[in-house]
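Here is the file structure-v6.cif (mmCIF, C-alpha atoms).
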```
data_work
loop_
_atom_site.label_atom_id
_atom_site.label_comp_id
_atom_site.auth_asym_id
_atom_site.auth_seq_id
_atom_site.Cartn_x
_atom_site.Cartn_y
_atom_site.Cartn_z
CA MET T 1 -55.66 -29.02 63.18
CA THR T 2 -56.58 -28.65 59.54
CA CYS T 3 -56.21 -31.57 57.11
CA GLU T 4 -53.07 -30.02 55.70
CA GLU T 5 -51.50 -29.48 59.12
CA LEU T 6 -52.45 -33.00 60.07
CA LEU T 7 -50.77 -34.54 57.03
CA LYS T 8 -47.60 -32.52 57.57
CA ALA T 9 -47.54 -33.48 61.23
CA LEU T 10 -48.12 -37.13 60.34
CA ASN T 11 -45.04 -37.11 58.13
CA ASP T 12 -42.90 -35.52 60.84
CA TYR T 13 -44.34 -37.82 63.48
CA VAL T 14 -43.40 -40.92 61.47
CA ASP T 15 -39.86 -39.53 61.24
CA ASP T 16 -39.78 -38.87 65.00
CA GLU T 17 -38.63 -35.38 64.28
CA THR T 18 -38.05 -33.07 67.20
CA MET T 19 -40.74 -30.63 66.18
CA VAL T 20 -42.05 -30.83 69.69
CA ALA T 21 -44.87 -28.34 69.34
CA VAL T 22 -46.28 -29.93 66.21
CA CYS T 23 -45.78 -33.42 67.50
CA GLN T 24 -47.39 -32.70 70.86
CA GLU T 25 -50.44 -31.36 69.15
CA PHE T 26 -50.46 -34.30 66.76
CA ALA T 27 -49.88 -36.75 69.61
CA ALA T 28 -52.86 -35.23 71.38
CA HIS T 29 -54.94 -35.66 68.25
CA LEU T 30 -53.62 -39.18 67.77
CA ALA T 31 -54.66 -40.21 71.27
CA GLY T 32 -58.28 -39.65 70.34
CA CYS T 33 -58.20 -40.77 66.73
CA ASN T 34 -57.97 -44.49 66.07
CA PRO T 35 -57.90 -44.17 62.24
CA CYS T 36 -54.87 -41.86 62.47
CA GLN T 37 -53.15 -44.27 64.88
CA VAL T 38 -53.67 -47.08 62.38
CA VAL T 39 -52.39 -44.97 59.47
CA VAL T 40 -49.22 -44.07 61.38
CA ASP T 41 -48.69 -47.73 62.27
CA ASN T 42 -49.33 -48.78 58.64
CA ILE T 43 -46.76 -46.27 57.38
CA ARG T 44 -44.12 -47.36 59.87
CA LYS T 45 -44.68 -50.99 58.89
CA THR T 46 -44.55 -50.08 55.20
CA ILE T 47 -41.14 -48.48 55.72
CA ARG T 48 -39.87 -51.45 57.74
CA LEU T 49 -41.04 -53.89 55.08
CA TYR T 50 -38.93 -52.14 52.44
CA LYS T 51 -36.00 -51.35 54.70
CA ASP T 52 -35.63 -54.81 56.22
CA GLY T 53 -36.29 -56.79 53.06
CA GLU T 54 -33.93 -59.39 51.69
CA PRO T 55 -31.09 -58.07 49.49
CA TYR T 56 -31.56 -58.28 45.75
CA PRO T 57 -29.35 -61.04 44.32
CA MET T 58 -27.09 -59.83 41.53
CA PRO T 59 -27.08 -62.09 38.45
CA PRO T 60 -23.85 -64.15 38.68
CA ALA T 61 -22.93 -63.54 35.03
CA PHE T 62 -23.16 -59.81 35.58
CA ALA T 63 -21.09 -60.03 38.77
CA ALA T 64 -18.33 -61.87 36.89
CA GLY T 65 -18.35 -59.37 34.03
CA MET T 66 -18.21 -56.46 36.46
CA ARG T 67 -15.21 -57.99 38.24
CA ASP T 68 -13.34 -58.15 34.92
CA ALA T 69 -14.23 -54.54 34.09
CA LEU T 70 -13.10 -53.38 37.52
CA ARG T 71 -9.81 -55.25 37.21
CA GLU T 72 -9.12 -53.51 33.89
CA LYS T 73 -9.97 -50.13 35.36
CA TRP T 74 -7.82 -50.86 38.38
CA LYS T 75 -4.80 -51.61 36.17
CA ALA T 76 -5.27 -48.30 34.39
CA VAL T 77 -5.58 -46.25 37.59
CA TYR T 78 -3.03 -48.20 39.67
CA PRO T 79 -0.46 -49.40 37.11
CA GLN T 80 2.04 -50.36 39.85
CA SER T 81 -0.49 -52.55 41.61
CA THR T 82 0.02 -56.31 41.67
CA GLY T 83 -3.75 -56.87 41.63
CA MET L 84 -30.66 -55.33 54.78
CA SER L 85 -29.30 -51.88 55.59
CA SER L 86 -26.53 -52.22 58.10
CA GLN L 87 -25.62 -48.59 58.42
CA PRO L 88 -27.71 -45.59 57.50
CA PRO L 89 -25.66 -42.94 55.67
CA GLU L 90 -26.65 -40.13 57.95
CA SER L 91 -25.61 -41.94 61.09
CA ALA L 92 -21.95 -41.70 60.81
CA SER L 93 -20.10 -38.69 61.46
CA VAL L 94 -17.82 -40.93 63.55
CA PRO L 95 -15.36 -42.18 60.94
CA LEU L 96 -13.14 -43.81 63.58
CA ALA L 97 -15.91 -46.30 64.27
CA ASP L 98 -16.28 -47.18 60.61
CA PRO L 99 -15.38 -50.84 60.07
CA ASP L 100 -14.90 -50.29 56.32
CA ARG L 101 -12.33 -47.51 56.71
CA GLU L 102 -9.40 -49.91 57.04
CA ILE L 103 -10.38 -51.77 53.85
CA VAL L 104 -10.49 -48.48 51.97
CA ARG L 105 -7.08 -47.53 53.37
CA ARG L 106 -5.59 -50.78 52.02
CA ALA L 107 -7.28 -50.29 48.65
CA GLN L 108 -5.99 -46.72 48.49
CA ALA L 109 -2.49 -48.17 48.86
CA GLY L 110 -3.06 -50.15 45.67
CA ASP L 111 -4.34 -53.44 47.12
CA PHE L 112 -6.85 -54.78 44.58
CA ALA L 113 -7.88 -57.63 46.87
CA ALA L 114 -8.97 -55.01 49.43
CA PHE L 115 -10.95 -53.22 46.75
CA GLU L 116 -12.66 -56.47 45.79
CA GLU L 117 -13.53 -56.96 49.45
CA LEU L 118 -15.13 -53.53 49.41
CA VAL L 119 -17.11 -54.43 46.31
CA GLY L 120 -18.25 -57.65 47.98
CA ARG L 121 -19.47 -55.74 51.01
CA PHE L 122 -21.52 -53.21 49.08
CA GLN L 123 -22.55 -54.70 45.75
CA SER L 124 -25.90 -56.07 46.92
CA ARG L 125 -26.82 -52.84 48.58
CA VAL L 126 -25.82 -50.76 45.56
CA TYR L 127 -27.66 -53.11 43.21
CA GLY L 128 -30.73 -53.01 45.48
CA LEU L 129 -30.72 -49.21 45.60
CA ALA L 130 -30.46 -49.02 41.82
CA TYR L 131 -33.08 -51.72 41.25
CA ARG L 132 -35.58 -50.05 43.55
CA MET L 133 -34.94 -46.64 42.08
CA LEU L 134 -35.04 -47.71 38.42
CA GLY L 135 -37.26 -50.79 38.55
CA GLU L 136 -35.34 -52.57 35.82
CA PRO L 137 -32.53 -55.13 36.25
CA HIS L 138 -30.35 -54.05 33.31
CA ASP L 139 -30.41 -50.43 34.44
CA ALA L 140 -29.57 -51.60 37.96
CA GLU L 141 -26.58 -53.50 36.55
CA ASP L 142 -25.39 -50.40 34.66
CA VAL L 143 -25.63 -48.28 37.77
CA THR L 144 -23.85 -50.88 39.90
CA GLN L 145 -20.96 -51.17 37.48
CA GLN L 146 -20.70 -47.39 37.02
CA THR L 147 -20.69 -46.93 40.78
CA PHE L 148 -17.75 -49.26 41.36
CA LEU L 149 -15.84 -47.91 38.35
CA SER L 150 -16.27 -44.45 39.88
CA LEU L 151 -15.00 -45.79 43.17
CA VAL L 152 -11.79 -47.00 41.51
CA GLU L 153 -11.35 -43.61 39.92
CA HIS L 154 -12.04 -41.58 43.07
CA LEU L 155 -10.71 -43.89 45.74
CA ARG L 156 -7.79 -41.59 46.49
CA ASP L 157 -10.18 -38.67 47.00
CA PHE L 158 -11.90 -40.36 49.92
CA ARG L 159 -10.72 -38.64 53.11
CA GLY L 160 -13.02 -40.29 55.60
CA GLU L 161 -15.27 -37.29 56.19
CA SER L 162 -18.24 -39.63 56.10
CA VAL L 163 -18.53 -43.36 56.66
CA VAL L 164 -17.63 -45.51 53.66
CA ALA L 165 -21.21 -46.77 53.28
CA ALA L 166 -22.51 -43.21 52.93
CA TRP L 167 -19.86 -42.38 50.35
CA VAL L 168 -20.57 -45.49 48.25
CA LEU L 169 -24.34 -45.08 48.40
CA ARG L 170 -24.13 -41.39 47.53
CA ILE L 171 -22.17 -42.26 44.39
CA ALA L 172 -24.68 -45.00 43.56
CA ALA L 173 -27.63 -42.66 44.10
CA ASN L 174 -26.04 -40.07 41.82
CA HIS L 175 -25.56 -42.62 39.05
CA ALA L 176 -29.13 -43.90 39.45
CA LEU L 177 -30.54 -40.37 39.31
CA LYS L 178 -28.40 -39.56 36.29
CA LEU L 179 -29.82 -42.56 34.47
CA LEU L 180 -33.37 -41.65 35.49
CA ARG L 181 -32.88 -38.17 34.03
CA LYS L 182 -31.37 -39.55 30.84
CA ARG L 183 -34.24 -41.88 30.04
CA ARG L 184 -35.83 -40.65 26.87
CA GLY L 185 -39.04 -41.63 25.19
CA LEU L 186 -40.40 -42.85 28.49
CA PRO L 187 -43.12 -41.24 30.55
CA THR L 188 -40.84 -39.61 33.07
CA VAL L 189 -41.54 -36.71 35.33
CA PRO L 190 -38.78 -34.16 36.03
CA LEU L 191 -37.07 -34.98 39.31
CA THR L 192 -35.96 -31.45 40.01
CA ASP L 193 -37.88 -28.29 40.73
CA PRO L 194 -35.74 -25.74 38.88
CA SER L 195 -38.30 -23.02 39.32
CA GLY L 196 -38.15 -23.54 43.08
CA THR L 197 -41.87 -24.15 43.25
CA GLN L 198 -43.24 -25.35 46.53
CA GLU L 199 -45.29 -28.52 46.21
CA GLY L 200 -48.28 -28.46 48.51
CA TYR L 201 -50.08 -30.83 50.83
CA GLY L 202 -53.47 -29.66 49.62
CA ASP L 203 -54.06 -32.34 47.00
CA VAL L 204 -52.31 -35.22 48.76
CA PRO L 205 -54.71 -38.18 48.54
CA HIS L 206 -56.06 -39.08 51.97
CA PRO L 207 -55.95 -42.63 53.32
CA GLU L 208 -58.97 -44.66 52.24
CA PHE L 209 -58.48 -48.25 53.30
CA ILE L 210 -57.47 -48.06 56.95
CA ALA L 211 -56.91 -51.32 58.79
CA PRO L 212 -54.19 -52.82 60.98
CA TRP L 213 -51.95 -55.32 59.20
CA ARG L 214 -52.52 -59.00 59.87
CA ASP L 215 -48.81 -59.80 60.14
CA ASP L 216 -45.59 -58.24 61.32
CA PRO L 217 -43.24 -56.87 58.61
CA ALA L 218 -40.42 -59.11 59.87
CA ASP L 219 -42.53 -62.21 59.04
CA LEU L 220 -43.92 -60.75 55.83
CA ALA L 221 -40.47 -59.88 54.46
CA GLU L 222 -39.54 -63.56 54.30
CA ARG L 223 -42.41 -64.53 52.01
CA HIS L 224 -41.72 -64.67 48.29
CA GLU L 225 -45.14 -63.41 47.22
CA ILE L 226 -44.78 -60.43 49.53
CA ARG L 227 -41.45 -59.57 47.96
CA GLU L 228 -43.18 -59.57 44.56
CA LEU L 229 -45.98 -57.43 45.95
CA ILE L 230 -43.75 -54.75 47.45
CA ASP L 231 -41.59 -54.63 44.31
CA ARG L 232 -44.67 -54.20 42.11
CA VAL L 233 -46.22 -51.53 44.32
CA LEU L 234 -42.96 -49.58 44.43
CA ALA L 235 -42.46 -49.89 40.67
CA ASP L 236 -45.98 -48.51 40.09
CA LEU L 237 -45.16 -45.39 42.06
CA ASP L 238 -44.32 -42.27 40.07
CA GLU L 239 -40.53 -42.18 39.83
CA LYS L 240 -40.15 -38.78 41.44
CA TYR L 241 -41.88 -40.09 44.57
CA ARG L 242 -40.11 -43.45 44.35
CA ALA L 243 -36.69 -41.78 44.30
CA VAL L 244 -37.41 -39.83 47.49
CA PHE L 245 -38.77 -42.90 49.29
CA VAL L 246 -35.78 -45.06 48.35
CA LEU L 247 -33.24 -42.41 49.34
CA ARG L 248 -34.87 -41.37 52.61
CA ASP L 249 -36.78 -44.33 53.96
CA VAL L 250 -34.95 -47.32 52.51
CA GLU L 251 -31.35 -46.09 52.35
CA GLY L 252 -31.54 -43.69 55.28
CA PHE L 253 -30.28 -40.48 53.68
CA SER L 254 -31.29 -37.41 55.65
CA ILE L 255 -33.92 -35.03 54.30
CA GLN L 256 -31.13 -32.54 53.55
CA GLU L 257 -28.96 -35.09 51.71
CA SER L 258 -31.95 -36.35 49.74
CA ALA L 259 -32.74 -32.78 48.74
CA ASN L 260 -29.15 -32.19 47.63
CA LEU L 261 -29.04 -35.41 45.60
CA LEU L 262 -32.35 -34.66 43.89
CA GLY L 263 -31.81 -30.94 43.42
CA ILE L 264 -35.06 -30.02 45.15
CA SER L 265 -35.90 -28.16 48.35
CA GLU L 266 -36.17 -29.94 51.69
CA ALA L 267 -39.81 -28.87 51.86
CA ASN L 268 -40.50 -30.63 48.56
CA VAL L 269 -38.66 -33.74 49.74
CA LYS L 270 -41.08 -33.87 52.66
CA VAL L 271 -44.15 -33.46 50.46
CA ARG L 272 -42.99 -36.12 48.01
CA LEU L 273 -42.08 -38.41 50.87
CA LEU L 274 -45.56 -38.10 52.33
CA ARG L 275 -47.13 -38.83 48.95
CA ALA L 276 -44.89 -41.87 48.51
CA ARG L 277 -45.55 -43.20 52.00
CA LEU L 278 -49.31 -42.74 51.72
CA ALA L 279 -49.48 -44.31 48.26
CA LEU L 280 -47.44 -47.35 49.29
CA ARG L 281 -49.40 -47.65 52.55
CA GLU L 282 -52.69 -47.57 50.67
CA GLN L 283 -51.74 -50.31 48.21
CA LEU L 284 -50.07 -52.56 50.76
CA THR L 285 -52.83 -52.19 53.34
CA ARG L 286 -55.45 -53.23 50.78
CA VAL L 287 -53.62 -56.57 50.60
CA LEU L 288 -52.08 -56.92 54.05
CA GLY L 289 -54.71 -55.16 56.16
CA ASP L 290 -57.23 -57.03 58.31
CA GLU L 291 -60.58 -56.33 56.63
CA ALA L 292 -62.46 -57.35 59.78
CA ALA L 293 -60.63 -54.69 61.80
CA ARG L 294 -61.04 -51.93 59.23
CA VAL L 295 -61.69 -48.50 60.71
CA PHE L 296 -63.44 -45.53 59.19
CA PRO L 297 -62.61 -41.93 59.96
CA ASP L 298 -65.53 -40.12 61.55
CA HIS L 299 -64.22 -36.72 60.58
CA GLU L 300 -62.92 -34.77 57.62
CA HIS L 301 -59.23 -35.56 57.40
CA GLY L 302 -59.53 -39.28 56.68
#
```
Mind converting the file's structure to structure tokens?
Amino acid sequence: MTCEELLKALNDYVDDETMVAVCQEFAAHLAGCNPCQVVVDNIRKTIRLYKDGEPYPMPPAFAAGMRDALREKWKAVYPQSTG
Amino acid sequence: MSSQPPESASVPLADPDREIVRRAQAGDFAAFEELVGRFQSRVYGLAYRMLGEPHDAEDVTQQTFLSLVEHLRDFRGESVVAAWVLRIAANHALKLLRKRRGLPTVPLTDPSGTQEGYGDVPHPEFIAPWRDDPADLAERHEIRELIDRVLADLDEKYRAVFVLRDVEGFSIQESANLLGISEANVKVRLLRARLALREQLTRVLGDEAARVFPDHEHG
């Protein structure tokens, strides 16, 4: 595999895409290439770190202001509503 | 954080939020507030990660829920509620990114249809296994600061792809549609984003003693 093919395959491999031919060739390469194994593992952990992180707390003052704005909008769109 | 990836739900019957939307569509404001409560952190997080600035994230969050009020009746349940809400949020965030003036922004779209290549993608340099598991790392305050800073330093056109695809779980196709670029370019930008974030994080979180060096060209 060339560098370019390897990088493309690495991306697909991280995504677990069903590009069997590419992934089989990459998997074969991976089996004999510790640096590539580590890079794939690093990338998967990077994604998990962002994906599984704590939610961002919204500033309470903003949350209160947004509630008021939404209530006003709601009255305009749903004038019959009791909300 | 993410309970339900947008692309996962072409099974609207299994959507726990569908009933809340149905009540809100009937004019029940309390149901709408419940919907806001369920999604506001996720919407704010998406906007914050994409824009890197709290006031912009607030703008996007408010615009998203105002849009929801306006278009609530249009929702027919073709996708899960989470996907619908996050798509609206992503659109507002991208709109704001494009509107930023006087800032060093890079166009998010590829109107000329140019294919971005893999040829000049920077290869991994610092390669080492991480000392800790992401689940443990995510709970540490200084790590949260680190990952925020590293993401904020990323060029916004790569950051947008990473947030949409890897953090929020949009498919490659949906990410391409939202950004107005080809699927091939989404993949290239995603690789650049992943490698850049990996490089910076591994320099801090990697085990120096277990560092490995490529013995061949590709790095």
Q: Evaluate the PyMOL selection byres ((chain L) within 6 of (chain T)) and record the selected residues as a count of residues only, following the chain and residue labels used in the document.
A: 14
Q. For this file, the PyMOL selection byres ((chain L and resi 213-216) around 6) selects which residues, as number ranges by chain?
A. L: 212, 217-219, 288-290
Put those residues in a file: C-alpha atoms, as a PDB file, in the frame of the given file.
```pdb
ATOM      1  CA  PRO L 212     -54.190 -52.820  60.980  1.00  0.00           C
ATOM      2  CA  PRO L 217     -43.240 -56.870  58.610  1.00  0.00           C
ATOM      3  CA  ALA L 218     -40.420 -59.110  59.870  1.00  0.00           C
ATOM      4  CA  ASP L 219     -42.530 -62.210  59.040  1.00  0.00           C
ATOM      5  CA  LEU L 288     -52.080 -56.920  54.050  1.00  0.00           C
ATOM      6  CA  GLY L 289     -54.710 -55.160  56.160  1.00  0.00           C
ATOM      7  CA  ASP L 290     -57.230 -57.030  58.310  1.00  0.00           C
TER       8      ASP L 290
END
```
**Q.** From L:Val244, L:Gly263, L:Glu257, L:Ile210, residue lying nearest L:Glu282 [all atoms listed in the file]
**A.**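 Of L:Val244, L:Gly263, L:Glu257, L:Ile210, the one nearest L:Glu282 is L:Ile210, counting all atoms listed in the file.
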(Q) Neighbouring residues of stretch 130-132 of chain L were defined as those with any atom within 8 Å, considering all atoms listed in the file; residues of the same chain fewer than 3 positions away were excluded. Please report them as an MDAnalysis selection string. (A) chainID L and resid 126:127 135:137 139:141 143:144 172:173 176 231 234:235 246
Q) atom CA of L:Lys182 and atom CA of L:Leu118 are how many Å apart? A)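 Between atom CA of L:Lys182 and atom CA of L:Leu118 the gap works out to 28.4 Å.
Going from atom CA of L:Arg272 to atom CA of L:Tyr241 covers 5.4 Å.
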(Q) Assuming the chain letters and numbering stay as they are in my file, what does the PyMOL selection byres ((chain L and resi 177) around 10) actually select? List them as a PyMOL selection string. (A) chain L and resi 130+133-134+143+171-176+178-182+191+240+243+261-262
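Here atom CA of L:Trp167 and atom CA of L:Arg227 stand 27.7 Å from one another.
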N, CA and C atoms of stretch 145-171 of chain L, written as a CSV table (one decimal), in the first residue's frame:
```csv
chain,number,residue,atom,x,y,z
L,145,GLN,N,-30.3,29.4,21.3
L,145,GLN,CA,-31.6,30.1,21.3
L,145,GLN,C,-32.3,30.0,19.9
L,146,GLN,N,-31.5,30.3,18.9
L,146,GLN,CA,-32.0,30.2,17.5
L,146,GLN,C,-32.6,28.8,17.2
L,147,THR,N,-31.9,27.8,17.6
L,147,THR,CA,-32.3,26.4,17.4
L,147,THR,C,-33.7,26.2,18.0
L,148,PHE,N,-33.9,26.6,19.2
L,148,PHE,CA,-35.2,26.3,19.9
L,148,PHE,C,-36.3,27.2,19.4
L,149,LEU,N,-35.9,28.4,19.0
L,149,LEU,CA,-36.9,29.3,18.3
L,149,LEU,C,-37.4,28.7,17.0
L,150,SER,N,-36.4,28.2,16.3
L,150,SER,CA,-36.8,27.5,15.0
L,150,SER,C,-37.7,26.3,15.3
L,151,LEU,N,-37.4,25.6,16.4
L,151,LEU,CA,-38.2,24.4,16.7
L,151,LEU,C,-39.7,24.8,16.9
L,152,VAL,N,-39.9,25.9,17.6
L,152,VAL,CA,-41.2,26.4,17.9
L,152,VAL,C,-41.9,26.7,16.5
L,153,GLU,N,-41.2,27.4,15.7
L,153,GLU,CA,-41.7,27.7,14.4
L,153,GLU,C,-42.0,26.5,13.5
L,154,HIS,N,-41.2,25.5,13.5
L,154,HIS,CA,-41.4,24.4,12.6
L,154,HIS,C,-41.9,23.1,13.3
L,155,LEU,N,-42.3,23.2,14.5
L,155,LEU,CA,-42.8,22.0,15.2
L,155,LEU,C,-43.8,21.3,14.4
L,156,ARG,N,-44.8,22.0,13.8
L,156,ARG,CA,-45.9,21.3,13.1
L,156,ARG,C,-45.4,20.6,11.8
L,157,ASP,N,-44.2,21.0,11.4
L,157,ASP,CA,-43.6,20.4,10.1
L,157,ASP,C,-43.0,19.0,10.4
L,158,PHE,N,-42.7,18.8,11.7
L,158,PHE,CA,-42.1,17.5,12.0
L,158,PHE,C,-43.0,16.3,11.8
L,159,ARG,N,-42.7,15.4,10.9
L,159,ARG,CA,-43.6,14.3,10.6
L,159,ARG,C,-43.0,12.9,11.1
L,160,GLY,N,-41.9,13.0,11.8
L,160,GLY,CA,-41.4,11.8,12.4
L,160,GLY,C,-40.6,10.9,11.4
L,161,GLU,N,-40.1,11.5,10.3
L,161,GLU,CA,-39.3,10.8,9.3
L,161,GLU,C,-38.0,10.4,9.9
L,162,SER,N,-37.5,11.2,10.8
L,162,SER,CA,-36.2,10.8,11.5
L,162,SER,C,-36.5,10.9,13.0
L,163,VAL,N,-35.6,10.4,13.8
L,163,VAL,CA,-35.8,10.5,15.3
L,163,VAL,C,-35.7,12.0,15.7
L,164,VAL,N,-36.3,12.4,16.8
L,164,VAL,CA,-36.4,13.8,17.2
L,164,VAL,C,-35.0,14.3,17.4
L,165,ALA,N,-34.1,13.5,18.0
L,165,ALA,CA,-32.7,14.0,18.3
L,165,ALA,C,-32.0,14.4,17.0
L,166,ALA,N,-32.2,13.6,15.9
L,166,ALA,CA,-31.6,13.9,14.6
L,166,ALA,C,-32.1,15.2,14.1
L,167,TRP,N,-33.4,15.4,14.2
L,167,TRP,CA,-34.1,16.6,13.7
L,167,TRP,C,-33.5,17.9,14.5
L,168,VAL,N,-33.5,17.8,15.8
L,168,VAL,CA,-33.1,18.9,16.6
L,168,VAL,C,-31.6,19.2,16.3
L,169,LEU,N,-30.8,18.2,16.2
L,169,LEU,CA,-29.3,18.4,16.0
L,169,LEU,C,-29.0,18.9,14.6
L,170,ARG,N,-29.8,18.5,13.7
L,170,ARG,CA,-29.7,19.0,12.3
L,170,ARG,C,-29.9,20.5,12.3
L,171,ILE,N,-31.0,20.9,12.9
L,171,ILE,CA,-31.3,22.4,13.0
L,171,ILE,C,-30.2,23.1,13.7
```
